[in-house]
$ cat structure.tsv   # TSV, C-alpha atoms
chain	number	residue	atom	x	y	z
A	1	MET	CA	0.00	0.00	0.00
A	2	ILE	CA	1.40	3.40	-1.02
A	3	ALA	CA	1.17	6.08	1.64
A	4	ASP	CA	-0.69	9.28	0.88
A	5	PRO	CA	1.85	12.02	-0.06
A	6	ASP	CA	-0.14	14.61	1.89
A	7	GLN	CA	-0.09	12.40	4.97
A	8	LEU	CA	3.66	11.87	4.62
A	9	ARG	CA	4.20	15.61	4.31
A	10	VAL	CA	2.16	16.27	7.46
A	11	ARG	CA	4.15	13.65	9.38
A	12	ARG	CA	7.41	15.14	8.16
A	13	ILE	CA	6.39	18.65	9.21
A	14	TRP	CA	5.24	17.34	12.59
A	15	ALA	CA	8.54	15.49	13.14
A	16	LEU	CA	10.63	18.51	12.16
A	17	THR	CA	8.57	20.74	14.45
A	18	VAL	CA	9.05	18.42	17.42
A	19	MET	CA	12.77	18.07	16.73
A	20	PHE	CA	13.35	21.83	16.53
A	21	CYS	CA	11.21	22.39	19.65
A	22	VAL	CA	13.33	19.90	21.62
A	23	ALA	CA	16.50	21.52	20.28
A	24	THR	CA	15.23	24.99	21.20
A	25	VAL	CA	14.41	23.92	24.76
A	26	VAL	CA	17.90	22.42	25.19
A	27	LEU	CA	19.61	25.43	23.64
A	28	THR	CA	17.62	27.89	25.76
A	29	ALA	CA	18.19	25.98	29.01
A	30	ASP	CA	21.91	25.68	28.24
A	31	ALA	CA	22.27	29.40	27.44
A	32	ILE	CA	20.35	30.52	30.54
A	33	SER	CA	22.29	28.19	32.84
A	34	LYS	CA	25.63	29.38	31.46
A	35	ALA	CA	24.62	33.02	31.87
A	36	GLN	CA	23.62	32.39	35.48
A	37	VAL	CA	26.86	30.54	36.22
A	38	LEU	CA	29.01	33.23	34.63
A	39	GLY	CA	27.19	35.89	36.62
A	40	LYS	CA	27.46	34.23	40.03
A	41	LEU	CA	30.32	31.71	40.21
A	42	PRO	CA	33.45	33.62	39.09
A	43	GLY	CA	35.66	34.38	42.09
A	44	HIS	CA	33.79	31.94	44.35
A	45	PRO	CA	34.72	28.43	45.48
A	46	PRO	CA	32.71	25.46	44.09
A	47	VAL	CA	29.16	25.29	45.42
A	48	ARG	CA	28.00	21.93	46.81
A	49	LEU	CA	24.31	21.10	46.43
A	50	LEU	CA	22.14	18.20	47.62
A	51	HIS	CA	24.70	17.11	50.20
A	52	GLY	CA	27.46	16.99	47.60
A	53	LEU	CA	25.48	15.09	44.97
A	54	VAL	CA	26.00	18.01	42.56
A	55	THR	CA	28.84	20.52	42.68
A	56	LEU	CA	28.79	23.77	40.71
A	57	ASP	CA	32.35	24.41	39.58
A	58	LEU	CA	33.00	26.90	36.77
A	59	THR	CA	35.58	25.77	34.20
A	60	PHE	CA	36.33	26.67	30.58
A	61	ASN	CA	36.82	23.77	28.19
A	62	ALA	CA	38.75	24.17	24.93
A	63	GLY	CA	38.02	20.60	23.85
A	64	ALA	CA	34.99	18.47	23.05
A	65	ALA	CA	32.49	17.05	25.52
A	66	PHE	CA	34.01	16.22	28.92
A	67	GLY	CA	37.33	17.89	28.04
A	68	VAL	CA	38.38	15.60	25.20
A	69	GLY	CA	40.69	17.04	22.51
A	70	THR	CA	41.67	20.36	24.08
A	71	SER	CA	44.36	20.97	21.43
A	72	TYR	CA	41.92	20.84	18.49
A	73	THR	CA	39.34	23.50	19.34
A	74	ALA	CA	38.91	24.86	15.80
A	75	VAL	CA	38.77	21.38	14.28
A	76	ILE	CA	36.13	20.31	16.81
A	77	ALA	CA	34.08	23.41	16.03
A	78	LEU	CA	34.12	22.59	12.31
A	79	ILE	CA	33.18	18.97	13.01
A	80	VAL	CA	30.24	20.17	15.11
A	81	CYS	CA	29.12	22.38	12.21
A	82	GLY	CA	29.17	19.30	9.97
A	83	VAL	CA	27.19	17.31	12.54
A	84	ILE	CA	24.50	20.00	12.72
A	85	VAL	CA	24.17	20.09	8.92
A	86	SER	CA	23.96	16.28	8.85
A	87	ILE	CA	21.23	16.23	11.52
A	88	ILE	CA	19.13	18.75	9.62
A	89	ARG	CA	19.50	16.83	6.36
A	90	THR	CA	18.70	13.50	8.05
A	91	ALA	CA	15.63	15.00	9.71
A	92	ARG	CA	13.79	14.98	6.38
A	93	ARG	CA	13.33	11.21	6.79
A	94	LEU	CA	12.04	11.38	10.36
A	95	ARG	CA	8.87	9.45	11.15
A	96	SER	CA	9.77	8.04	14.60
A	97	LEU	CA	8.99	10.07	17.72
A	98	ALA	CA	11.91	8.50	19.61
A	99	TRP	CA	14.35	9.33	16.81
A	100	THR	CA	12.87	12.82	16.61
A	101	ILE	CA	13.56	13.41	20.30
A	102	ALA	CA	17.05	11.92	20.01
A	103	LEU	CA	18.01	14.16	17.10
A	104	GLY	CA	16.46	17.16	18.85
A	105	LEU	CA	18.59	16.51	21.95
A	106	LEU	CA	21.69	16.06	19.80
A	107	LEU	CA	20.99	19.19	17.75
A	108	GLY	CA	20.31	21.36	20.80
A	109	GLY	CA	23.42	20.14	22.61
A	110	ALA	CA	25.65	20.61	19.58
A	111	MET	CA	24.32	24.12	18.96
A	112	GLY	CA	24.75	25.05	22.61
A	113	ASN	CA	28.44	24.22	22.68
A	114	LEU	CA	29.02	25.57	19.17
A	115	GLY	CA	27.69	28.94	20.30
A	116	ASP	CA	30.44	29.06	22.94
A	117	ARG	CA	33.10	28.22	20.36
A	118	LEU	CA	31.88	30.94	18.03
A	119	PHE	CA	31.26	33.82	20.44
A	120	ARG	CA	33.43	33.34	23.53
A	121	ALA	CA	37.10	34.14	24.12
A	122	PRO	CA	39.69	33.76	22.77
A	123	GLY	CA	37.99	34.10	19.37
A	124	LEU	CA	36.00	32.67	16.47
A	125	LEU	CA	36.06	28.84	16.36
A	126	ARG	CA	38.45	28.90	19.33
A	127	GLY	CA	36.06	29.90	22.09
A	128	ARG	CA	36.06	27.89	25.29
A	129	VAL	CA	32.91	26.10	26.37
A	130	VAL	CA	31.45	26.97	29.77
A	131	ASP	CA	31.26	23.85	31.95
A	132	TRP	CA	29.84	23.93	35.46
A	133	ILE	CA	28.31	20.62	36.60
A	134	ASN	CA	30.37	18.11	38.56
A	135	LEU	CA	29.17	14.80	39.99
A	136	PRO	CA	30.77	12.58	42.66
A	137	HIS	CA	33.31	10.08	41.30
A	138	PHE	CA	32.91	11.58	37.80
A	139	PRO	CA	36.22	12.94	36.47
A	140	TRP	CA	34.86	15.67	34.17
A	141	THR	CA	32.93	18.87	34.58
A	142	PHE	CA	30.18	19.32	32.00
A	143	ASN	CA	27.14	21.42	31.09
A	144	LEU	CA	23.54	20.90	30.00
A	145	ALA	CA	24.54	20.69	26.34
A	146	ASP	CA	26.94	17.83	27.13
A	147	ALA	CA	24.23	16.08	29.14
A	148	SER	CA	21.79	16.45	26.24
A	149	ILE	CA	24.31	14.98	23.78
A	150	THR	CA	24.92	12.05	26.12
A	151	CYS	CA	21.18	11.37	26.50
A	152	ALA	CA	20.82	11.49	22.71
A	153	ALA	CA	23.67	8.98	22.29
A	154	VAL	CA	22.09	6.57	24.78
A	155	LEU	CA	18.68	6.87	23.10
A	156	VAL	CA	20.19	6.31	19.64
A	157	LEU	CA	22.01	3.21	20.93
A	158	VAL	CA	18.78	1.80	22.39
A	159	LEU	CA	16.90	2.43	19.15
A	160	ALA	CA	19.67	0.83	17.11
A	161	LEU	CA	19.73	-2.25	19.34
A	162	ARG	CA	15.96	-2.56	19.04
A	163	GLY	CA	16.17	-2.22	15.26
A	164	VAL	CA	14.00	0.89	15.10
A	165	ARG	CA	14.75	2.91	11.99
A	166	ILE	CA	14.57	6.66	11.61
A	167	ASP	CA	11.32	6.30	9.64
A	168	GLY	CA	9.77	4.44	12.57
A	169	THR	CA	9.92	0.95	11.08
A	170	SER	CA	11.82	-2.14	12.10
A	171	PRO	CA	13.61	-4.30	9.49
A	172	ALA	CA	10.80	-6.88	9.63
A	173	HIS	CA	8.09	-4.30	9.01
A	174	ALA	CA	10.08	-2.75	6.20
A	175	ALA	CA	10.37	-6.17	4.55
A	176	ASP	CA	6.59	-6.57	4.76
A	177	ARG	CA	6.11	-3.31	2.91
A	178	ILE	CA	8.69	-4.20	0.26
A	179	GLU	CA	6.95	-7.47	-0.48
A	180	GLY	CA	3.62	-5.68	-0.56
A	181	VAL	CA	2.08	-8.07	1.96
A	182	SER	CA	1.02	-6.96	5.42
A	183	PRO	CA	1.20	-9.38	8.37
A	184	VAL	CA	-2.62	-9.41	8.56
A	185	ARG	CA	-3.01	-10.32	4.88
A	186	ALA	CA	-0.34	-12.98	5.16
A	187	ALA	CA	-2.17	-14.53	8.11
A	188	ASP	CA	-5.46	-14.47	6.16
A	189	GLY	CA	-3.72	-16.16	3.24
A	190	ASP	CA	-2.36	-18.91	5.47
A	191	SER	CA	-5.83	-19.49	6.92
A	192	ALA	CA	-7.37	-19.72	3.46
A	193	ALA	CA	-4.72	-22.22	2.36
A	194	ARG	CA	-5.43	-24.44	5.36
A	195	LEU	CA	-9.17	-24.37	4.63
A	196	ALA	CA	-8.55	-25.31	1.00
A	197	ASP	CA	-6.42	-28.26	2.07
A	198	ARG	CA	-9.36	-29.53	4.13
A	199	GLY	CA	-11.77	-29.07	1.22
A	200	GLU	CA	-13.55	-26.15	2.87
A	201	CYS	CA	-14.29	-22.77	1.36
A	202	PRO	CA	-13.41	-19.66	3.29
A	203	SER	CA	-16.36	-17.39	4.04
$ encode --input "structure.tsv" --output "structure tokens"
Amino acid sequence: MIADPDQLRVRRIWALTVMFCVATVVLTADAISKAQVLGKLPGHPPVRLLHGLVTLDLTFNAGAAFGVGTSYTAVIALIVCGVIVSIIRTARRLRSLAWTIALGLLLGGAMGNLGDRLFRAPGLLRGRVVDWINLPHFPWTFNLADASITCAAVLVLVLALRGVRIDGTSPAHAADRIEGVSPVRAADGDSAARLADRGECPS
């Protein structure tokens, strides 16, 4: 069965809207949190919250997430630009809500840290990312954008392990559509064949 083009267009628009809304929420929360941290933490010792479960400790990261690759700031910034372009291009095939959320989290996190690299000191593509969240027994300080990227990676891994594709199908369901036979019709065909073998006519 061929899907209605109008219905596919509506689903695509809906998926893109959800993805950009998720990305906007992440980007906004990341920007506001960084502004608050930069306004209140400089010149103060780390702040312990929830009996030490979370520590607010302002640092500036020249590398990727969790301080990886501090010597390649400009290269990382360019890679992030490529990732953002790739996400937007891939989003045209979105039909799965879970994939939509995952790409929205990834897009928002990538844009949040890219904004730091573009507009913060020491200059364009070399700006240092504002990190401020530290957890017990965790060696790196991170921010909300990093957390969003990590959540997106975990969600993508789960979807991949479950075989859920970006268009919302699993490999088995996709095969059904390629053959042009739905599971329900296949079951009806099997039932009819069994009746014929017994000399009975299906109603």
$ residues_around --input "structure.tsv" --residues "A:Asp167" --least-positions-apart "4" --cutoff "9 Å" --atoms "only C-alpha atoms" --output "PyMOL selection string"
chain A and resi 93-96+99
$ closest_residue --input "structure.tsv" --among "A:Gly43, A:Gly104, A:Gly52, A:Pro5" --to "A:Pro136" --atoms "all atoms listed in the file"
A:Gly52
$ closest_residue --input "structure.tsv" --among "A:Gly168, A:Pro45, A:Gly109, A:Gly127" --to "A:Ala31" --atoms "only C-alpha atoms"
A:Gly109
$ atom_distance --input "structure.tsv" --atom1 "atom CA of A:Met111" --atom2 "atom CA of A:Leu27"
6.8 Å
$ residues_around --input "structure.tsv" --residues "stretch 38-40 of chain A" --least-positions-apart "3" --cutoff "12 Å" --atoms "all atoms listed in the file" --output "number ranges by chain"
A: 31-35, 43-47, 56-60, 120, 129-132
$ write_last_selection --input "structure.tsv" --atoms "C-alpha atoms" --output "CSV table (one decimal), in the coordinates of the input"
chain,number,residue,atom,x,y,z
A,31,ALA,CA,22.3,29.4,27.4
A,32,ILE,CA,20.4,30.5,30.5
A,33,SER,CA,22.3,28.2,32.8
A,34,LYS,CA,25.6,29.4,31.5
A,35,ALA,CA,24.6,33.0,31.9
A,43,GLY,CA,35.7,34.4,42.1
A,44,HIS,CA,33.8,31.9,44.4
A,45,PRO,CA,34.7,28.4,45.5
A,46,PRO,CA,32.7,25.5,44.1
A,47,VAL,CA,29.2,25.3,45.4
A,56,LEU,CA,28.8,23.8,40.7
A,57,ASP,CA,32.4,24.4,39.6
A,58,LEU,CA,33.0,26.9,36.8
A,59,THR,CA,35.6,25.8,34.2
A,60,PHE,CA,36.3,26.7,30.6
A,120,ARG,CA,33.4,33.3,23.5
A,129,VAL,CA,32.9,26.1,26.4
A,130,VAL,CA,31.4,27.0,29.8
A,131,ASP,CA,31.3,23.8,32.0
A,132,TRP,CA,29.8,23.9,35.5
$ closest_residue --input "structure.tsv" --among "A:Asn61, A:Gln36, A:Thr100, A:Thr141" --to "A:Asn113" --atoms "only C-alpha atoms"
A:Asn61
$ closest_residue --input "structure.tsv" --among "A:Pro42, A:Val54, A:Val22, A:Leu78" --to "A:Leu124" --atoms "all atoms listed in the file"
A:Leu78
$ closest_residue --input "structure.tsv" --among "A:Ser148, A:Gln7, A:Ser86, A:Asn143" --to "A:Thr24" --atoms "all atoms listed in the file"
A:Ser148
$ atom_distance --input "structure.tsv" --atom1 "atom CA of A:Ala121" --atom2 "atom CA of A:Phe20"
27.8 Å
$ axis_aligned_box --input "structure.tsv" --around "stretch 81-92 of chain A" --padding-each-side "4 Å" --output "lines of an AutoDock Vina configuration file"
center_x = 21.5
center_y = 17.9
center_z = 9.5
size_x = 23.4
size_y = 16.9
size_z = 14.4
$ atom_distance --input "structure.tsv" --atom1 "atom CA of A:Val156" --atom2 "atom CA of A:Phe138"
22.8 Å
$ closest_residue --input "structure.tsv" --among "A:Ala152, A:Leu103, A:Ala98, A:Leu161" --to "A:Met19" --atoms "all atoms listed in the file"
A:Leu103
$ residues_around --input "structure.tsv" --residues "A:Ala23" --least-positions-apart "2" --cutoff "6 Å" --atoms "only C-alpha atoms" --output "list of chain:residue names"
A:Phe20, A:Cys21, A:Val25, A:Val26, A:Gly104, A:Leu105, A:Leu107, A:Gly108
